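To be precise, the following lines are entry_28.cif, and they hold mmCIF, C-alpha atoms.
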```cif
data_structure
loop_
_atom_site.label_atom_id
_atom_site.label_comp_id
_atom_site.auth_asym_id
_atom_site.auth_seq_id
_atom_site.Cartn_x
_atom_site.Cartn_y
_atom_site.Cartn_z
CA MET A 1174 30.58 -9.59 1.80
CA ALA A 1175 28.32 -6.56 2.03
CA LYS A 1176 24.70 -7.45 2.61
CA ILE A 1177 21.64 -5.49 1.63
CA ILE A 1178 19.32 -5.60 4.61
CA LYS A 1179 15.70 -5.28 3.52
CA ILE A 1180 13.12 -3.43 5.50
CA GLY A 1181 9.42 -4.05 4.94
CA MET A 1182 6.44 -1.87 5.67
CA ALA A 1183 6.18 -1.06 9.39
CA ASP A 1184 9.62 -2.44 10.11
CA LEU A 1185 13.01 -1.14 11.31
CA LYS A 1186 16.58 -2.43 11.36
CA ILE A 1187 20.15 -1.46 12.26
CA ALA A 1188 23.29 -1.96 10.14
CA SER A 1189 27.01 -1.25 10.13
CA PRO A 1190 29.36 -0.95 7.13
CA PRO A 1191 29.74 -2.57 4.68
CA ASP A 1192 26.07 -3.60 4.91
CA THR A 1193 23.37 -1.31 3.57
CA LEU A 1194 19.72 -0.82 4.43
CA GLN A 1195 17.03 -0.89 1.77
CA THR A 1196 13.28 -0.40 1.60
CA CYS A 1197 11.33 -0.82 -1.64
CA GLY A 1198 8.25 1.01 -2.81
CA LEU A 1199 7.77 3.90 -0.41
CA GLY A 1200 4.54 5.69 -1.23
CA SER A 1201 2.80 7.64 1.48
CA CYS A 1202 5.10 5.94 3.98
CA VAL A 1203 8.31 7.62 5.07
CA GLY A 1204 11.75 6.02 5.28
CA ILE A 1205 13.71 7.39 8.24
CA CYS A 1206 17.49 6.89 8.21
CA LEU A 1207 19.57 7.68 11.28
CA TRP A 1208 23.35 7.66 11.44
CA ASP A 1209 26.12 8.08 13.96
CA PRO A 1210 29.20 9.44 12.11
CA LEU A 1211 31.71 8.18 14.68
CA THR A 1212 30.65 4.56 15.05
CA ARG A 1213 29.02 4.51 11.59
CA ILE A 1214 26.05 2.71 12.96
CA GLY A 1215 23.08 3.33 10.68
CA SER A 1216 19.41 2.49 10.97
CA MET A 1217 16.27 2.66 8.90
CA ALA A 1218 12.55 2.60 9.67
CA HIS A 1219 9.64 2.37 7.23
CA ILE A 1220 6.74 4.08 8.98
CA MET A 1221 3.13 3.97 7.74
CA LEU A 1222 1.29 6.36 10.03
CA PRO A 1223 2.05 9.60 11.88
CA ASN A 1224 0.80 8.98 15.34
CA SER A 1225 0.47 6.02 17.68
CA SER A 1226 -1.96 7.75 20.04
CA GLN A 1227 -4.96 7.23 17.75
CA GLY A 1228 -4.35 3.54 17.38
CA LYS A 1229 -3.49 0.70 19.62
CA MET A 1230 0.17 0.49 20.40
CA GLY A 1231 1.99 -2.57 19.33
CA ASN A 1232 4.48 -2.37 16.56
CA ALA A 1233 6.63 0.71 17.25
CA ALA A 1234 8.01 0.71 13.69
CA LYS A 1235 4.57 1.50 12.28
CA PHE A 1236 4.33 5.05 13.63
CA ALA A 1237 6.57 8.10 13.22
CA ASP A 1238 6.35 9.12 16.87
CA THR A 1239 7.39 5.70 18.20
CA ALA A 1240 9.82 4.60 15.48
CA VAL A 1241 12.30 7.47 16.01
CA PRO A 1242 12.83 6.80 19.75
CA MET A 1243 13.03 3.06 19.04
CA LEU A 1244 15.76 3.56 16.43
CA ILE A 1245 17.74 5.73 18.86
CA VAL A 1246 17.47 3.15 21.66
CA GLN A 1247 18.59 0.30 19.42
CA MET A 1248 21.50 2.33 18.02
CA THR A 1249 22.75 3.46 21.44
CA GLN A 1250 22.64 -0.12 22.68
CA LEU A 1251 25.17 -0.90 19.98
CA GLY A 1252 27.44 1.98 20.96
CA ALA A 1253 26.12 4.98 19.05
CA HIS A 1254 25.80 8.23 20.94
CA LYS A 1255 22.54 10.15 20.75
CA SER A 1256 24.20 13.57 20.58
CA ARG A 1257 25.96 12.61 17.35
CA ILE A 1258 23.02 11.05 15.52
CA VAL A 1259 21.83 12.76 12.32
CA ALA A 1260 18.95 11.94 9.97
CA LYS A 1261 17.91 11.72 6.33
CA ILE A 1262 14.36 11.02 5.24
CA ALA A 1263 12.49 10.16 2.03
CA GLY A 1264 8.93 9.36 0.99
CA GLY A 1265 5.60 10.81 2.06
CA ALA A 1266 4.15 11.03 -1.43
CA GLN A 1267 0.53 11.58 -2.30
CA MET A 1268 -0.05 8.65 -4.64
CA PHE A 1269 -3.71 9.29 -5.44
CA SER A 1270 -5.44 12.57 -6.06
CA PHE A 1271 -9.08 12.22 -5.14
CA TYR A 1272 -11.48 14.96 -6.08
CA SER A 1273 -12.42 15.52 -2.49
CA ALA A 1274 -9.06 15.58 -0.81
CA ASN A 1275 -9.95 14.14 2.56
CA ASP A 1276 -7.68 13.58 5.49
CA ILE A 1277 -6.52 10.06 4.84
CA MET A 1278 -5.44 11.01 1.33
CA LYS A 1279 -3.02 13.52 2.79
CA ILE A 1280 -1.45 10.75 4.81
CA GLY A 1281 1.93 11.30 3.14
CA GLU A 1282 2.06 14.94 4.15
CA ARG A 1283 1.02 14.08 7.70
CA ASN A 1284 3.66 11.38 7.89
CA ILE A 1285 6.41 13.84 6.88
CA GLU A 1286 5.26 16.37 9.48
CA ALA A 1287 5.14 13.74 12.20
CA VAL A 1288 8.62 12.42 11.37
CA LYS A 1289 10.08 15.93 11.50
CA LEU A 1290 8.37 16.59 14.81
CA ALA A 1291 9.69 13.32 16.27
CA LEU A 1292 13.23 14.16 15.09
CA ASP A 1293 12.91 17.63 16.57
CA GLN A 1294 11.77 16.28 19.90
CA ALA A 1295 14.72 13.91 19.96
CA GLN A 1296 16.99 16.83 18.98
CA ILE A 1297 18.23 15.09 15.90
CA LYS A 1298 19.40 17.20 12.98
CA LEU A 1299 17.77 16.51 9.62
CA LEU A 1300 20.59 16.59 7.05
CA ALA A 1301 18.60 16.00 3.89
CA GLU A 1302 15.20 14.95 2.63
CA ASP A 1303 13.46 13.90 -0.56
CA THR A 1304 9.79 14.03 0.32
CA GLY A 1305 6.37 14.75 -1.12
CA GLY A 1306 5.46 14.53 -4.79
CA ASN A 1307 3.14 11.91 -6.24
CA TYR A 1308 5.50 9.05 -7.00
CA GLY A 1309 6.95 6.00 -5.30
CA ARG A 1310 10.55 5.65 -4.15
CA THR A 1311 12.93 2.83 -3.39
CA ILE A 1312 15.71 3.89 -1.05
CA GLU A 1313 19.04 2.45 0.03
CA PHE A 1314 21.05 3.86 2.92
CA CYS A 1315 24.77 3.33 3.24
CA PRO A 1316 26.15 3.51 6.82
CA GLU A 1317 29.68 3.72 5.38
CA ASN A 1318 29.19 7.34 4.28
CA CYS A 1319 25.60 8.31 5.14
CA ARG A 1320 24.63 8.44 1.47
CA LEU A 1321 20.98 7.83 0.71
CA PHE A 1322 20.25 6.49 -2.75
CA ILE A 1323 16.77 7.13 -4.16
CA ARG A 1324 15.25 5.41 -7.17
CA THR A 1325 11.96 6.34 -8.86
CA ILE A 1326 10.21 5.00 -11.94
CA ASN A 1327 9.79 8.18 -13.98
CA LEU A 1328 12.17 10.63 -12.35
CA GLY A 1329 15.37 8.63 -12.34
CA GLU A 1330 17.84 8.09 -9.52
CA LYS A 1331 19.73 10.35 -7.16
CA TYR A 1332 21.73 10.56 -3.97
CA ILE A 1333 21.05 12.82 -1.05
CA MET B 777 -11.07 -5.95 17.96
CA PRO B 778 -9.75 -9.48 17.75
CA GLY B 779 -6.84 -9.97 15.38
CA TYR B 780 -7.37 -11.49 11.97
CA GLU B 781 -4.94 -14.28 12.83
CA ASN B 782 -7.59 -16.49 14.37
CA ILE B 783 -10.70 -16.20 12.23
CA SER B 784 -12.58 -19.47 11.94
CA GLU B 785 -12.54 -21.48 8.71
CA PHE B 786 -16.33 -21.22 8.64
CA VAL B 787 -16.30 -17.41 8.58
CA LEU B 788 -13.63 -17.41 5.89
CA ASP B 789 -15.75 -19.78 3.77
CA ALA B 790 -18.78 -17.54 4.13
CA PHE B 791 -16.70 -14.49 3.25
CA ARG B 792 -15.23 -16.28 0.24
CA GLU B 793 -18.72 -17.21 -0.96
CA ILE B 794 -19.88 -13.59 -0.86
CA GLY B 795 -16.71 -12.62 -2.69
CA THR B 796 -17.32 -15.23 -5.38
CA ILE B 797 -20.78 -13.90 -6.09
CA GLY B 798 -19.55 -10.31 -6.07
CA ALA B 799 -16.67 -11.11 -8.39
CA GLY B 800 -19.01 -13.07 -10.69
CA ASN B 801 -21.12 -9.96 -11.09
CA GLY B 802 -17.99 -7.91 -11.66
CA ALA B 803 -16.78 -10.32 -14.33
CA THR B 804 -20.15 -10.22 -16.10
CA ALA B 805 -20.09 -6.42 -16.13
CA LEU B 806 -16.55 -6.43 -17.47
CA SER B 807 -17.43 -8.99 -20.12
CA GLN B 808 -20.38 -6.94 -21.36
CA LEU B 809 -18.33 -3.77 -21.41
CA MET B 810 -15.49 -5.28 -23.38
CA ASN B 811 -17.52 -7.76 -25.36
CA ARG B 812 -15.00 -10.46 -24.45
CA LYS B 813 -14.94 -13.60 -22.42
CA ILE B 814 -13.62 -12.88 -18.95
CA GLY B 815 -12.43 -15.58 -16.59
CA MET B 816 -12.07 -15.24 -12.86
CA THR B 817 -10.48 -17.20 -10.05
CA VAL B 818 -12.22 -18.29 -6.88
CA PRO B 819 -11.30 -15.58 -4.38
CA ALA B 820 -8.22 -16.28 -2.29
CA ILE B 821 -8.38 -14.97 1.25
CA ARG B 822 -5.17 -14.15 3.01
CA VAL B 823 -4.24 -12.69 6.35
CA LEU B 824 -0.78 -11.17 6.03
CA PRO B 825 1.53 -8.89 7.98
CA PHE B 826 1.81 -5.58 6.10
CA ALA B 827 5.37 -6.24 5.00
CA GLN B 828 4.31 -9.31 3.01
CA VAL B 829 1.36 -7.80 1.18
CA PRO B 830 3.40 -6.44 -1.78
CA ASP B 831 4.66 -9.96 -2.52
CA VAL B 832 1.12 -10.96 -3.52
CA VAL B 833 1.40 -8.71 -6.57
CA GLY B 834 4.96 -9.63 -7.51
CA GLY B 835 7.02 -7.49 -5.14
CA PRO B 836 7.02 -3.88 -4.00
CA GLU B 837 8.95 -2.51 -6.98
CA ARG B 838 6.81 -3.96 -9.74
CA LEU B 839 5.30 -1.33 -12.03
CA VAL B 840 1.51 -1.50 -11.86
CA ALA B 841 -1.59 0.54 -12.49
CA GLY B 842 -3.72 0.64 -9.35
CA VAL B 843 -7.21 2.02 -8.98
CA PHE B 844 -8.25 2.68 -5.43
CA THR B 845 -11.79 3.07 -4.10
CA THR B 846 -12.72 3.65 -0.48
CA VAL B 847 -16.11 2.31 0.54
CA LYS B 848 -18.08 3.95 3.34
CA GLY B 849 -21.21 2.70 5.09
CA GLN B 850 -21.91 0.26 7.91
CA ALA B 851 -19.03 -1.99 6.87
CA PRO B 852 -16.28 0.24 5.45
CA CYS B 853 -13.86 -1.43 3.04
CA ASN B 854 -11.07 -0.54 0.65
CA ILE B 855 -10.97 -1.83 -2.88
CA LEU B 856 -7.83 -1.87 -4.97
CA PHE B 857 -7.86 -3.08 -8.55
CA MET B 858 -4.29 -3.63 -9.72
CA PHE B 859 -3.10 -4.34 -13.25
CA PRO B 860 0.42 -5.27 -14.30
CA MET B 861 1.49 -2.40 -16.59
CA ALA B 862 1.49 -4.60 -19.73
CA SER B 863 -2.11 -5.63 -19.03
CA ALA B 864 -3.19 -2.06 -18.35
CA LEU B 865 -1.79 -0.98 -21.74
CA VAL B 866 -3.68 -3.69 -23.65
CA LEU B 867 -6.89 -3.07 -21.73
CA VAL B 868 -6.77 0.68 -22.30
CA GLY B 869 -5.89 0.11 -25.94
CA ASN B 870 -8.99 -2.03 -26.39
CA LEU B 871 -11.24 0.43 -24.67
CA THR B 872 -10.10 3.52 -26.50
CA GLY B 873 -9.42 1.90 -29.86
CA SER B 874 -5.84 3.13 -29.92
CA ARG B 875 -2.61 1.19 -29.65
CA TYR B 876 -0.24 1.64 -26.78
CA SER B 877 3.26 0.31 -27.26
CA GLU B 878 5.10 -1.42 -24.49
CA ASN B 879 6.82 1.60 -23.00
CA SER B 880 4.28 4.26 -23.79
CA GLN B 881 2.61 6.42 -21.18
CA ILE B 882 -1.13 6.17 -20.73
CA ASP B 883 -2.69 9.52 -21.63
CA ASP B 884 -5.62 11.27 -19.94
CA ILE B 885 -8.27 9.53 -22.03
CA GLY B 886 -6.68 6.17 -21.26
CA ARG B 887 -6.49 6.96 -17.55
CA SER B 888 -10.09 7.97 -17.53
CA ALA B 889 -11.14 4.79 -19.39
CA LEU B 890 -9.23 2.54 -17.00
CA THR B 891 -10.74 4.28 -13.98
CA GLU B 892 -14.21 3.93 -15.45
CA VAL B 893 -13.82 0.20 -16.07
CA VAL B 894 -12.85 -0.27 -12.46
CA ASN B 895 -15.77 1.88 -11.39
CA ILE B 896 -18.17 -0.40 -13.26
CA VAL B 897 -16.68 -3.64 -11.95
CA THR B 898 -16.52 -2.29 -8.41
CA GLY B 899 -20.10 -1.09 -8.67
CA ALA B 900 -21.29 -4.54 -9.79
CA TYR B 901 -19.33 -6.19 -7.00
CA LEU B 902 -20.68 -3.88 -4.31
CA ASN B 903 -24.25 -4.11 -5.61
CA SER B 904 -24.15 -7.83 -5.14
CA LEU B 905 -22.60 -7.44 -1.70
CA ALA B 906 -25.30 -4.94 -0.73
CA GLY B 907 -28.09 -7.18 -2.01
CA PHE B 908 -26.72 -10.10 -0.05
CA THR B 909 -26.17 -8.34 3.24
CA ASN B 910 -28.74 -5.55 3.16
CA LEU B 911 -25.97 -3.17 4.15
CA ASP B 912 -25.15 0.08 2.38
CA PHE B 913 -21.85 0.29 0.56
CA ILE B 914 -21.04 3.78 -0.66
CA PRO B 915 -18.01 3.88 -2.96
CA SER B 916 -15.84 6.96 -3.42
CA VAL B 917 -14.79 8.20 -6.83
CA PRO B 918 -11.98 5.82 -7.83
CA ALA B 919 -8.46 7.21 -8.10
CA LEU B 920 -5.70 5.92 -10.36
CA ALA B 921 -1.96 5.74 -9.82
CA MET B 922 0.70 4.12 -11.99
CA ASP B 923 3.80 3.39 -9.97
CA MET B 924 5.55 0.82 -7.79
CA ALA B 925 3.13 -1.70 -6.30
CA GLY B 926 4.53 -1.14 -2.81
CA ALA B 927 4.04 2.61 -3.02
CA ILE B 928 0.40 2.19 -4.05
CA LEU B 929 -0.24 -0.39 -1.34
CA ASN B 930 1.21 1.99 1.31
CA VAL B 931 -1.80 4.24 0.96
CA VAL B 932 -4.32 1.42 1.08
CA LEU B 933 -2.71 -0.28 4.07
CA ALA B 934 -2.41 3.03 5.93
CA GLN B 935 -6.22 3.02 5.99
CA ILE B 936 -6.33 -0.16 8.03
CA GLY B 937 -2.99 0.25 9.80
CA MET B 938 -4.42 1.94 12.88
CA ALA B 939 -6.31 -1.16 13.97
CA GLY B 940 -3.67 -3.84 13.72
CA ASP B 941 -0.57 -5.21 12.08
CA HIS B 942 -2.25 -7.60 9.66
CA ALA B 943 -4.28 -7.08 6.53
CA LEU B 944 -7.18 -9.33 5.58
CA LEU B 945 -7.40 -9.36 1.84
CA MET B 946 -9.65 -11.12 -0.59
CA GLU B 947 -8.14 -11.40 -4.03
CA THR B 948 -9.81 -12.33 -7.30
CA VAL B 949 -7.87 -12.46 -10.53
CA PHE B 950 -9.77 -11.50 -13.68
CA THR B 951 -8.33 -12.71 -16.97
CA GLU B 952 -9.11 -11.91 -20.57
CA ILE B 953 -7.86 -15.09 -22.17
CA LYS B 954 -7.17 -14.05 -25.74
CA GLU B 955 -4.76 -11.26 -24.99
CA ASN B 956 -3.76 -12.44 -21.55
CA VAL B 957 -4.89 -9.35 -19.69
CA THR B 958 -5.00 -9.88 -15.95
CA GLY B 959 -6.23 -7.69 -13.14
CA HIS B 960 -6.06 -8.34 -9.41
CA PHE B 961 -9.09 -7.24 -7.45
CA PHE B 962 -8.47 -6.77 -3.72
CA LEU B 963 -11.09 -6.18 -1.07
CA LEU B 964 -9.71 -5.11 2.31
CA PRO B 965 -12.33 -4.71 5.04
CA GLU B 966 -11.62 -2.16 7.74
CA ALA B 967 -11.59 -3.08 11.43
CA GLY B 968 -14.93 -4.52 12.46
CA SER B 969 -16.35 -4.71 8.93
CA LEU B 970 -15.91 -8.46 8.50
CA GLU B 971 -17.85 -9.01 11.71
CA ARG B 972 -20.62 -6.70 10.53
CA ILE B 973 -20.91 -8.46 7.18
CA MET B 974 -21.03 -11.85 8.91
CA GLU B 975 -23.69 -10.59 11.30
CA ALA B 976 -25.74 -9.34 8.39
CA ILE B 977 -25.81 -12.76 6.75
CA GLY B 978 -26.34 -14.55 10.06
CA VAL B 979 -22.97 -16.27 10.34
CA LYS B 980 -21.49 -16.48 13.80
CA GLY B 981 -17.72 -16.71 14.08
#
```

Output the structure of this file as C-alpha cells.
Amino acid sequence: MAKIIKIGMADLKIASPPDTLQTCGLGSCVGICLWDPLTRIGSMAHIMLPNSSQGKMGNAAKFADTAVPMLIVQMTQLGAHKSRIVAKIAGGAQMFSFYSANDIMKIGERNIEAVKLALDQAQIKLLAEDTGGNYGRTIEFCPENCRLFIRTINLGEKYI
Amino acid sequence: MPGYENISEFVLDAFREIGTIGAGNGATALSQLMNRKIGMTVPAIRVLPFAQVPDVVGGPERLVAGVFTTVKGQAPCNILFMFPMASALVLVGNLTGSRYSENSQIDDIGRSALTEVVNIVTGAYLNSLAGFTNLDFIPSVPALAMDMAGAILNVVLAQIGMAGDHALLMETVFTEIKENVTGHFFLLPEAGSLERIMEAIGVKG
C-alpha cells in the first residue's frame, strides 16, 4: 500500500516508492524535493526561513541553508549518492502585499534565493521550480518518477 | 529567551485576562459597526509547534480570508484575523449591502471593507492593551489574503520563527449568531513581548 507521508511546517522526511511525500499550504515557505534517480530515494523539506545564522540553531528543517545539507545526509545514509541527487522546488509566494513592502514581507523571495544558493553550494542541479506569485500551494512529490504535483486554489493543478 | 513550553499557569491567566478585555472591546466595536449582537469566546491560549498551528483553523488547506497586522512598539506582536470563506462572504455582503453567492470572488470594495472591519477591531483591542499596560502598540496597515490557511500562516509564523520552534497564540472566536458568521482572532507575541507585557502589569513569571 502506498502511503502519503505528510510534512508539516519546518519539517523534513525521506521516502521510497511507492510512498509519496506531501506538504499542504505552502505560502512564503518553500518545499524542497531531492531525488536520487538510481535508488529512487526521495526527500522533502518545508522550510520557513532563509538563514539559520540570524537565529538560534535548533531545528535544521526550518532554514534553507541547514535543511538542504540535512536532506543530503539522511538520503546518503539510506544509500543515495550525492553526485546523482537532483532537486525540484515550489513555494516562496508573497501572500500579502503591504503598502510599505518591508523586508519580512519579501520573505518568500528571500526563501527562494536561499534555497537556490544552498543547492548551488551542495552542487545539486535544480530540475524544475514553481515559485513566487501570491498564492498558496499544496505539493506532492513522487519518488517513483520524480514528478512534483502542485495544487492551488485559483490556478488549478499541474505537474513539474 | 526561555521557550514557551514552560510558562507558568499564573502568567497564562494574566495574559488571558488582558486578552479577554481586549477582545471585549473588539467585540463592542464590531457590534456597533454592524449593528448586530456579537458573541465572543474566552481567549484560548496555546503553545504549539509550528506544524500544528494550521490545525487550529481546520487544517492547512482550508480556504480562508486572513487579515494580517504587524504591531511594533515595546512589545511587538502579530495579529491575524481569519474568517472561513463562507463567513467572509456573509460579512462582506452585510457591510457593502450586496449579496455574494457561495462561490463568488470578493471584489475590491469587499476586500477593502473586510480589511477595514479588522482594522477597527484590532484598533479597539490594541487600545485596551495599551491602556492596561501603558505600552505603545503601533499597528501596521492590515493586509488581506484569501487562500489556504497554511499558506497564510506561513508568513505570520515566519515572523516569530527565528526565535524558537513554538508559537504562543491567543485565540478568540467572534460570532454573529443570526447568520453564523465566525472569525478567529489570533494574537502572536514576538520573542520577549510576553515578558514585557507581564512586566508592565507587574506580574512575575

If the cut-off is 7 Å, can you tell me the residues of chain A near chain B, counting all atoms listed in the file? I'd like them as a ChimeraX atom specification.
/A:1181-1183,1197-1202,1221-1222,1228-1229,1268-1271,1308-1309,1326

Here's the selection I'm unsure about, the PyMOL selection byres ((chain B and resi 799) around 12); applied to the file above, which residues does it give, as a VMD selection string?
chain B and resid 792 to 798 800 to 807 814 to 820 857 896 to 905 946 to 950 959 to 963

Restricted to C-alpha atoms, what would the selected residues look like written as a PDB file, in the frame of the given file?
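Result saved to selection_0.pdb:
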```pdb
ATOM      1  CA  ARG B 792     -15.230 -16.280   0.240  1.00  0.00           C
ATOM      2  CA  GLU B 793     -18.720 -17.210  -0.960  1.00  0.00           C
ATOM      3  CA  ILE B 794     -19.880 -13.590  -0.860  1.00  0.00           C
ATOM      4  CA  GLY B 795     -16.710 -12.620  -2.690  1.00  0.00           C
ATOM      5  CA  THR B 796     -17.320 -15.230  -5.380  1.00  0.00           C
ATOM      6  CA  ILE B 797     -20.780 -13.900  -6.090  1.00  0.00           C
ATOM      7  CA  GLY B 798     -19.550 -10.310  -6.070  1.00  0.00           C
ATOM      8  CA  GLY B 800     -19.010 -13.070 -10.690  1.00  0.00           C
ATOM      9  CA  ASN B 801     -21.120  -9.960 -11.090  1.00  0.00           C
ATOM     10  CA  GLY B 802     -17.990  -7.910 -11.660  1.00  0.00           C
ATOM     11  CA  ALA B 803     -16.780 -10.320 -14.330  1.00  0.00           C
ATOM     12  CA  THR B 804     -20.150 -10.220 -16.100  1.00  0.00           C
ATOM     13  CA  ALA B 805     -20.090  -6.420 -16.130  1.00  0.00           C
ATOM     14  CA  LEU B 806     -16.550  -6.430 -17.470  1.00  0.00           C
ATOM     15  CA  SER B 807     -17.430  -8.990 -20.120  1.00  0.00           C
ATOM     16  CA  ILE B 814     -13.620 -12.880 -18.950  1.00  0.00           C
ATOM     17  CA  GLY B 815     -12.430 -15.580 -16.590  1.00  0.00           C
ATOM     18  CA  MET B 816     -12.070 -15.240 -12.860  1.00  0.00           C
ATOM     19  CA  THR B 817     -10.480 -17.200 -10.050  1.00  0.00           C
ATOM     20  CA  VAL B 818     -12.220 -18.290  -6.880  1.00  0.00           C
ATOM     21  CA  PRO B 819     -11.300 -15.580  -4.380  1.00  0.00           C
ATOM     22  CA  ALA B 820      -8.220 -16.280  -2.290  1.00  0.00           C
ATOM     23  CA  PHE B 857      -7.860  -3.080  -8.550  1.00  0.00           C
ATOM     24  CA  ILE B 896     -18.170  -0.400 -13.260  1.00  0.00           C
ATOM     25  CA  VAL B 897     -16.680  -3.640 -11.950  1.00  0.00           C
ATOM     26  CA  THR B 898     -16.520  -2.290  -8.410  1.00  0.00           C
ATOM     27  CA  GLY B 899     -20.100  -1.090  -8.670  1.00  0.00           C
ATOM     28  CA  ALA B 900     -21.290  -4.540  -9.790  1.00  0.00           C
ATOM     29  CA  TYR B 901     -19.330  -6.190  -7.000  1.00  0.00           C
ATOM     30  CA  LEU B 902     -20.680  -3.880  -4.310  1.00  0.00           C
ATOM     31  CA  ASN B 903     -24.250  -4.110  -5.610  1.00  0.00           C
ATOM     32  CA  SER B 904     -24.150  -7.830  -5.140  1.00  0.00           C
ATOM     33  CA  LEU B 905     -22.600  -7.440  -1.700  1.00  0.00           C
ATOM     34  CA  MET B 946      -9.650 -11.120  -0.590  1.00  0.00           C
ATOM     35  CA  GLU B 947      -8.140 -11.400  -4.030  1.00  0.00           C
ATOM     36  CA  THR B 948      -9.810 -12.330  -7.300  1.00  0.00           C
ATOM     37  CA  VAL B 949      -7.870 -12.460 -10.530  1.00  0.00           C
ATOM     38  CA  PHE B 950      -9.770 -11.500 -13.680  1.00  0.00           C
ATOM     39  CA  GLY B 959      -6.230  -7.690 -13.140  1.00  0.00           C
ATOM     40  CA  HIS B 960      -6.060  -8.340  -9.410  1.00  0.00           C
ATOM     41  CA  PHE B 961      -9.090  -7.240  -7.450  1.00  0.00           C
ATOM     42  CA  PHE B 962      -8.470  -6.770  -3.720  1.00  0.00           C
ATOM     43  CA  LEU B 963     -11.090  -6.180  -1.070  1.00  0.00           C
TER      44      LEU B 963
END
```

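Residue nearest A:Asn1224 within the list A:Asp1238, A:Asp1209, A:Asp1184, A:Asp1192: A:Asp1238 [criterion: smallest interatomic distance, all atoms listed in the file].
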
Please report, as lines of an AutoDock Vina configuration file, the centre and edge lengths in Å to one decimal of an axis-aligned box covering all listed atoms of stretch 928-933 of chain B with 3 Å per side.
```
center_x = -1.6
center_y = 1.9
center_z = 0.0
size_x = 11.5
size_y = 10.6
size_z = 14.1
```

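Taking only C-alpha atoms into account, A:Gln1296 lies nearest to A:Val1259 out of the set A:Val1259, A:Ile1187, A:Leu1211, A:Ile1280.
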
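Our summary of the geometry notes that atom CA of B:Met810 is positioned 13.7 Å from atom CA of B:Ala864.
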
How would you write, as a PyMOL selection string, the residues chosen by the PyMOL selection byres ((chain A and resi 1317-1323) around 12) on this structure?
chain A and resi 1175+1188-1199+1204-1217+1258-1264+1300-1304+1308-1316+1324-1326+1328-1333

Hey, could you patch up stretch 892-906 of chain B with N, CA and C atoms and hand it over as a PDB file, in the frame of the given file?
```pdb
ATOM      1  N   GLU B 892     -12.790   4.204 -15.256  1.00  0.00           N
ATOM      2  CA  GLU B 892     -14.210   3.930 -15.450  1.00  0.00           C
ATOM      3  C   GLU B 892     -14.495   2.429 -15.456  1.00  0.00           C
ATOM      4  N   VAL B 893     -13.645   1.658 -16.075  1.00  0.00           N
ATOM      5  CA  VAL B 893     -13.820   0.200 -16.070  1.00  0.00           C
ATOM      6  C   VAL B 893     -13.862  -0.308 -14.633  1.00  0.00           C
ATOM      7  N   VAL B 894     -12.916   0.164 -13.855  1.00  0.00           N
ATOM      8  CA  VAL B 894     -12.850  -0.270 -12.460  1.00  0.00           C
ATOM      9  C   VAL B 894     -14.099   0.170 -11.708  1.00  0.00           C
ATOM     10  N   ASN B 895     -14.558   1.359 -12.014  1.00  0.00           N
ATOM     11  CA  ASN B 895     -15.770   1.880 -11.390  1.00  0.00           C
ATOM     12  C   ASN B 895     -16.953   0.950 -11.653  1.00  0.00           C
ATOM     13  N   ILE B 896     -17.050   0.467 -12.883  1.00  0.00           N
ATOM     14  CA  ILE B 896     -18.170  -0.400 -13.260  1.00  0.00           C
ATOM     15  C   ILE B 896     -18.059  -1.775 -12.574  1.00  0.00           C
ATOM     16  N   VAL B 897     -16.869  -2.338 -12.589  1.00  0.00           N
ATOM     17  CA  VAL B 897     -16.680  -3.640 -11.950  1.00  0.00           C
ATOM     18  C   VAL B 897     -16.906  -3.543 -10.442  1.00  0.00           C
ATOM     19  N   THR B 898     -16.356  -2.487  -9.848  1.00  0.00           N
ATOM     20  CA  THR B 898     -16.520  -2.290  -8.410  1.00  0.00           C
ATOM     21  C   THR B 898     -17.989  -2.092  -8.056  1.00  0.00           C
ATOM     22  N   GLY B 899     -18.677  -1.331  -8.891  1.00  0.00           N
ATOM     23  CA  GLY B 899     -20.100  -1.090  -8.670  1.00  0.00           C
ATOM     24  C   GLY B 899     -20.888  -2.396  -8.693  1.00  0.00           C
ATOM     25  N   ALA B 900     -20.594  -3.251  -9.667  1.00  0.00           N
ATOM     26  CA  ALA B 900     -21.290  -4.540  -9.790  1.00  0.00           C
ATOM     27  C   ALA B 900     -20.999  -5.414  -8.569  1.00  0.00           C
ATOM     28  N   TYR B 901     -19.756  -5.399  -8.149  1.00  0.00           N
ATOM     29  CA  TYR B 901     -19.330  -6.190  -7.000  1.00  0.00           C
ATOM     30  C   TYR B 901     -20.069  -5.734  -5.734  1.00  0.00           C
ATOM     31  N   LEU B 902     -20.073  -4.423  -5.523  1.00  0.00           N
ATOM     32  CA  LEU B 902     -20.680  -3.880  -4.310  1.00  0.00           C
ATOM     33  C   LEU B 902     -22.200  -4.024  -4.312  1.00  0.00           C
ATOM     34  N   ASN B 903     -22.815  -3.906  -5.501  1.00  0.00           N
ATOM     35  CA  ASN B 903     -24.250  -4.110  -5.610  1.00  0.00           C
ATOM     36  C   ASN B 903     -24.639  -5.480  -5.120  1.00  0.00           C
ATOM     37  N   SER B 904     -23.857  -6.470  -5.544  1.00  0.00           N
ATOM     38  CA  SER B 904     -24.150  -7.830  -5.140  1.00  0.00           C
ATOM     39  C   SER B 904     -23.935  -7.988  -3.629  1.00  0.00           C
ATOM     40  N   LEU B 905     -22.889  -7.375  -3.131  1.00  0.00           N
ATOM     41  CA  LEU B 905     -22.600  -7.440  -1.700  1.00  0.00           C
ATOM     42  C   LEU B 905     -23.733  -6.791  -0.900  1.00  0.00           C
ATOM     43  N   ALA B 906     -24.229  -5.673  -1.413  1.00  0.00           N
ATOM     44  CA  ALA B 906     -25.300  -4.940  -0.730  1.00  0.00           C
ATOM     45  C   ALA B 906     -26.593  -5.747  -0.749  1.00  0.00           C
TER      46      ALA B 906
END
```
